[in-house]
Amino acid sequence: MDINVKFSLADASKIRGIVDLCNEVFEEHTDYEEALKVFNENRTDRNQIYIIGEYEGKVIAHTRIAIVPTMFKEMGTFAILNHVCVKPEFRKHHIATKMLETVRTVCKNHECIAIKLWSRNFRVPAHTCYKNFGFKADDATFFSIDI
């Protein structure tokens with residue numbers, strides 16, 4: 001079965017769909033109003049990009065791209081993805097792969113030399129998708145600190 005998913009840049013009208021999807025997939029509890037506030041504060045920043053995949057008018061796929069320009073030649077400009085997700089009942093239809101192809105095009109248009117993403121350890125099927133797309137696990141550790 002071929003599912004025709006339309007990928008596009010999200011606008012404010014899609015925030016509820018994005019939040020519902022991410023709350024389901026990542027077991028989050030994000031508030032609509034707070035998400036809309038953050039989206040609106042950043043909507044003119046060309047380096048903050050929200051990609052959605054829609055099927056029959058509903059958001060079933062999403063990722064956020066943060067473009068990171070640097071002044072360092074070796075690092076160049078790169079992209080970081082987060083919240084890469086597809087609604088569970090639509091998995092196994094190559095939707096994530098098609099979304100990553102869209103991401104790659106956007107990143108090339110921003111002259112990125114690399115795309116990076118982080119994914120929680122328990123998301124093994126997602127890791128398989130990323131590896132099949134061509135991502136490699138870096139020999140690095142993601143560090144964080146709560147503030």
# chains A, B, ... in the order shown; residues from 1 in each chain; ligands from 1

call {"tool": "residues_around", "arguments": {"residues": "region 23-39 of chain A", "least_positions_apart": "4", "cutoff": "7 Å", "atoms": "only C-alpha atoms", "output": "PyMOL selection string"}}
result
chain A and resi 12+15-16+19+43+85+87

call {"tool": "write_last_selection", "arguments": {"atoms": "N, CA, C and O atoms", "output": "PDB file, in the first residue's frame"}}
result
ATOM      1  N   ALA A  12       2.001  28.021  11.839  1.00  0.00           N
ATOM      2  CA  ALA A  12       1.389  28.024  13.170  1.00  0.00           C
ATOM      3  C   ALA A  12       0.121  27.176  13.238  1.00  0.00           C
ATOM      4  O   ALA A  12      -0.196  26.618  14.298  1.00  0.00           O
ATOM      5  N   ILE A  15       0.721  23.509  14.604  1.00  0.00           N
ATOM      6  CA  ILE A  15       1.340  23.255  15.918  1.00  0.00           C
ATOM      7  C   ILE A  15       0.571  22.212  16.717  1.00  0.00           C
ATOM      8  O   ILE A  15       1.164  21.316  17.309  1.00  0.00           O
ATOM      9  N   ARG A  16      -0.731  22.291  16.730  1.00  0.00           N
ATOM     10  CA  ARG A  16      -1.523  21.304  17.490  1.00  0.00           C
ATOM     11  C   ARG A  16      -1.227  19.893  16.987  1.00  0.00           C
ATOM     12  O   ARG A  16      -1.038  18.966  17.770  1.00  0.00           O
ATOM     13  N   VAL A  19       2.325  18.857  18.129  1.00  0.00           N
ATOM     14  CA  VAL A  19       2.347  18.576  19.573  1.00  0.00           C
ATOM     15  C   VAL A  19       1.653  17.249  19.864  1.00  0.00           C
ATOM     16  O   VAL A  19       2.178  16.422  20.623  1.00  0.00           O
ATOM     17  N   ARG A  43       9.661  32.026  14.394  1.00  0.00           N
ATOM     18  CA  ARG A  43       9.200  31.790  13.016  1.00  0.00           C
ATOM     19  C   ARG A  43       9.932  32.608  11.961  1.00  0.00           C
ATOM     20  O   ARG A  43       9.944  32.232  10.795  1.00  0.00           O
ATOM     21  N   CYS A  85       9.913  11.869  13.919  1.00  0.00           N
ATOM     22  CA  CYS A  85       8.903  10.873  14.295  1.00  0.00           C
ATOM     23  C   CYS A  85       7.847  10.680  13.220  1.00  0.00           C
ATOM     24  O   CYS A  85       7.581  11.559  12.417  1.00  0.00           O
ATOM     25  N   LYS A  87       3.888   8.798  13.057  1.00  0.00           N
ATOM     26  CA  LYS A  87       2.783   8.204  13.826  1.00  0.00           C
ATOM     27  C   LYS A  87       2.880   6.678  13.720  1.00  0.00           C
ATOM     28  O   LYS A  87       3.075   6.136  12.627  1.00  0.00           O
TER      29      LYS A  87
END

call {"tool": "select_by_dssp", "arguments": {"residues": "chain A", "states": "helix (DSSP H, G or I)", "output": "ChimeraX atom specification"}}
result
/A:12-26,32-42,88-90,95-109,124-133

call {"tool": "residues_around", "arguments": {"residues": "Ile95 (chain A)", "least_positions_apart": "3", "cutoff": "9 Å", "atoms": "only C-alpha atoms", "output": "VMD selection string"}}
result
chain A and resid 3 5 53 61 86 90 to 92 98 to 100

call {"tool": "write_last_selection", "arguments": {"atoms": "C-alpha atoms", "output": "CSV table (one decimal), in the first residue's frame"}}
result
chain,number,residue,atom,x,y,z
A,3,ILE,CA,0.6,6.2,1.2
A,5,VAL,CA,2.3,11.9,2.3
A,53,GLY,CA,4.3,15.1,6.7
A,61,ALA,CA,5.3,12.9,10.6
A,86,VAL,CA,6.2,9.1,12.4
A,90,PHE,CA,2.0,4.7,9.6
A,91,ARG,CA,5.4,3.2,10.1
A,92,LYS,CA,6.8,0.6,7.7
A,98,LYS,CA,10.9,10.3,2.5
A,99,MET,CA,11.0,12.9,5.3
A,100,LEU,CA,14.8,12.5,5.6

call {"tool": "atom_distance", "arguments": {"atom1": "CA of Thr128 (chain A)", "atom2": "CA of Ile49 (chain A)"}}
result
24.2 Å

call {"tool": "residues_around", "arguments": {"residues": "Tyr50 (chain A)", "least_positions_apart": "6", "cutoff": "6 Å", "atoms": "only C-alpha atoms", "output": "compact mmCIF listing (two decimals) with all heavy atoms, in the first residue's frame"}}
result
# COMPACT_ATOMS: atom_id res chain seq x y z
N LEU A 9 6.87 22.76 4.98
CA LEU A 9 7.26 23.52 6.17
C LEU A 9 6.01 23.77 6.98
O LEU A 9 4.95 24.09 6.43
CB LEU A 9 7.89 24.85 5.77
CG LEU A 9 9.14 24.79 4.89
CD1 LEU A 9 9.61 26.20 4.55
CD2 LEU A 9 10.25 24.02 5.58
N ALA A 10 6.13 23.64 8.28
CA ALA A 10 4.97 23.84 9.15
C ALA A 10 4.74 25.34 9.36
O ALA A 10 5.68 26.13 9.40
CB ALA A 10 5.20 23.17 10.50
N ARG A 64 12.25 18.63 13.42
CA ARG A 64 12.71 20.01 13.51
C ARG A 64 14.17 20.03 13.09
O ARG A 64 14.96 19.20 13.53
CB ARG A 64 12.60 20.54 14.93
CG ARG A 64 13.14 21.95 15.08
CD ARG A 64 13.06 22.37 16.56
NE ARG A 64 13.84 23.54 16.78
CZ ARG A 64 15.13 23.54 17.12
NH1 ARG A 64 15.79 22.41 17.25
NH2 ARG A 64 15.77 24.67 17.33

call {"tool": "select_by_dssp", "arguments": {"residues": "chain A", "states": "strand (DSSP E)", "output": "VMD selection string"}}
result
chain A and resid 6 to 9 48 to 55 58 to 68 78 to 86 114 to 117

call {"tool": "residues_around", "arguments": {"residues": "Asn47 (chain A)", "least_positions_apart": "5", "cutoff": "10 Å", "atoms": "only C-alpha atoms", "output": "list of chain:residue names"}}
result
A:Asn42, A:Ile65, A:Ala66, A:Ile67, A:Val68, A:Pro69, A:Ala79, A:Cys107, A:His110

call {"tool": "closest_residue", "arguments": {"among": "A:Cys129, A:Ala114, A:Ile147, A:Val124", "to": "Ile80 (chain A)", "atoms": "only C-alpha atoms"}}
result
A:Ala114

call {"tool": "residues_around", "arguments": {"residues": "Asn109 (chain A)", "least_positions_apart": "4", "cutoff": "12 Å", "atoms": "only C-alpha atoms", "output": "list in words"}}
result
Arg46, Asn47, Ile67, Thr77, Phe78, Ala79, Thr102, Val103, Arg104, Thr105 and Ile113 of chain A

call {"tool": "closest_residue", "arguments": {"among": "A:Thr97, A:Cys112, A:Trp118, A:Thr63", "to": "Gly134 (chain A)", "atoms": "only C-alpha atoms"}}
result
A:Thr97

call {"tool": "closest_residue", "arguments": {"among": "A:Lys136, A:Gly17, A:Lys116, A:Gly76", "to": "Glu54 (chain A)", "atoms": "only C-alpha atoms"}}
result
A:Gly17

call {"tool": "decode", "arguments": {"residues": "region 10-21 of chain A", "atoms": "all heavy atoms", "output": "mmCIF file, in the first residue's frame"}}
result
data_model
loop_
_atom_site.group_PDB
_atom_site.id
_atom_site.type_symbol
_atom_site.label_atom_id
_atom_site.label_comp_id
_atom_site.auth_asym_id
_atom_site.auth_seq_id
_atom_site.Cartn_x
_atom_site.Cartn_y
_atom_site.Cartn_z
ATOM 1 N N ALA A 10 6.126 23.636 8.282
ATOM 2 C CA ALA A 10 4.973 23.845 9.152
ATOM 3 C C ALA A 10 4.736 25.338 9.357
ATOM 4 O O ALA A 10 5.677 26.127 9.399
ATOM 5 C CB ALA A 10 5.196 23.173 10.501
ATOM 6 N N ASP A 11 3.485 25.685 9.509
ATOM 7 C CA ASP A 11 3.133 27.030 9.945
ATOM 8 C C ASP A 11 2.387 26.900 11.267
ATOM 9 O O ASP A 11 2.163 25.790 11.765
ATOM 10 C CB ASP A 11 2.336 27.786 8.879
ATOM 11 C CG ASP A 11 0.998 27.122 8.545
ATOM 12 O OD1 ASP A 11 0.409 26.441 9.412
ATOM 13 O OD2 ASP A 11 0.540 27.287 7.396
ATOM 14 N N ALA A 12 2.001 28.021 11.839
ATOM 15 C CA ALA A 12 1.389 28.024 13.170
ATOM 16 C C ALA A 12 0.121 27.176 13.238
ATOM 17 O O ALA A 12 -0.196 26.618 14.298
ATOM 18 C CB ALA A 12 1.095 29.459 13.612
ATOM 19 N N SER A 13 -0.574 27.035 12.118
ATOM 20 C CA SER A 13 -1.816 26.251 12.128
ATOM 21 C C SER A 13 -1.556 24.759 12.346
ATOM 22 O O SER A 13 -2.497 24.010 12.643
ATOM 23 C CB SER A 13 -2.588 26.458 10.818
ATOM 24 O OG SER A 13 -1.933 25.818 9.745
ATOM 25 N N LYS A 14 -0.309 24.311 12.221
ATOM 26 C CA LYS A 14 0.024 22.888 12.355
ATOM 27 C C LYS A 14 0.591 22.530 13.728
ATOM 28 O O LYS A 14 0.893 21.358 13.989
ATOM 29 C CB LYS A 14 1.034 22.474 11.271
ATOM 30 C CG LYS A 14 0.544 22.735 9.862
ATOM 31 C CD LYS A 14 -0.745 21.997 9.563
ATOM 32 C CE LYS A 14 -1.233 22.294 8.156
ATOM 33 N NZ LYS A 14 -2.499 21.632 7.858
ATOM 34 N N ILE A 15 0.721 23.509 14.604
ATOM 35 C CA ILE A 15 1.340 23.255 15.918
ATOM 36 C C ILE A 15 0.571 22.212 16.717
ATOM 37 O O ILE A 15 1.164 21.316 17.309
ATOM 38 C CB ILE A 15 1.511 24.567 16.713
ATOM 39 C CG1 ILE A 15 2.468 25.500 15.982
ATOM 40 C CG2 ILE A 15 1.970 24.300 18.144
ATOM 41 C CD1 ILE A 15 3.844 24.914 15.719
ATOM 42 N N ARG A 16 -0.731 22.291 16.730
ATOM 43 C CA ARG A 16 -1.523 21.304 17.490
ATOM 44 C C ARG A 16 -1.227 19.893 16.987
ATOM 45 O O ARG A 16 -1.038 18.966 17.770
ATOM 46 C CB ARG A 16 -3.011 21.628 17.410
ATOM 47 C CG ARG A 16 -3.869 20.709 18.273
ATOM 48 C CD ARG A 16 -5.312 21.171 18.340
ATOM 49 N NE ARG A 16 -5.484 22.380 19.111
ATOM 50 C CZ ARG A 16 -5.668 22.419 20.437
ATOM 51 N NH1 ARG A 16 -5.708 21.295 21.112
ATOM 52 N NH2 ARG A 16 -5.815 23.554 21.061
ATOM 53 N N GLY A 17 -1.169 19.691 15.682
ATOM 54 C CA GLY A 17 -0.868 18.375 15.118
ATOM 55 C C GLY A 17 0.525 17.904 15.474
ATOM 56 O O GLY A 17 0.733 16.728 15.782
ATOM 57 N N ILE A 18 1.496 18.829 15.439
ATOM 58 C CA ILE A 18 2.878 18.479 15.807
ATOM 59 C C ILE A 18 2.936 18.072 17.273
ATOM 60 O O ILE A 18 3.539 17.048 17.621
ATOM 61 C CB ILE A 18 3.832 19.655 15.530
ATOM 62 C CG1 ILE A 18 3.970 19.899 14.033
ATOM 63 C CG2 ILE A 18 5.199 19.403 16.165
ATOM 64 C CD1 ILE A 18 4.685 21.196 13.683
ATOM 65 N N VAL A 19 2.325 18.857 18.129
ATOM 66 C CA VAL A 19 2.347 18.576 19.573
ATOM 67 C C VAL A 19 1.653 17.249 19.864
ATOM 68 O O VAL A 19 2.178 16.422 20.623
ATOM 69 C CB VAL A 19 1.718 19.743 20.373
ATOM 70 C CG1 VAL A 19 1.486 19.346 21.828
ATOM 71 C CG2 VAL A 19 2.605 20.984 20.286
ATOM 72 N N ASP A 20 0.494 17.024 19.258
ATOM 73 C CA ASP A 20 -0.211 15.752 19.480
ATOM 74 C C ASP A 20 0.664 14.565 19.068
ATOM 75 O O ASP A 20 0.760 13.573 19.793
ATOM 76 C CB ASP A 20 -1.527 15.710 18.693
ATOM 77 C CG ASP A 20 -2.610 16.579 19.302
ATOM 78 O OD1 ASP A 20 -2.489 16.985 20.478
ATOM 79 O OD2 ASP A 20 -3.590 16.862 18.579
ATOM 80 N N LEU A 21 1.311 14.680 17.905
ATOM 81 C CA LEU A 21 2.164 13.593 17.419
ATOM 82 C C LEU A 21 3.342 13.351 18.359
ATOM 83 O O LEU A 21 3.607 12.219 18.763
ATOM 84 C CB LEU A 21 2.670 13.917 16.009
ATOM 85 C CG LEU A 21 3.671 12.932 15.405
ATOM 86 C CD1 LEU A 21 3.053 11.548 15.242
ATOM 87 C CD2 LEU A 21 4.188 13.465 14.075
#
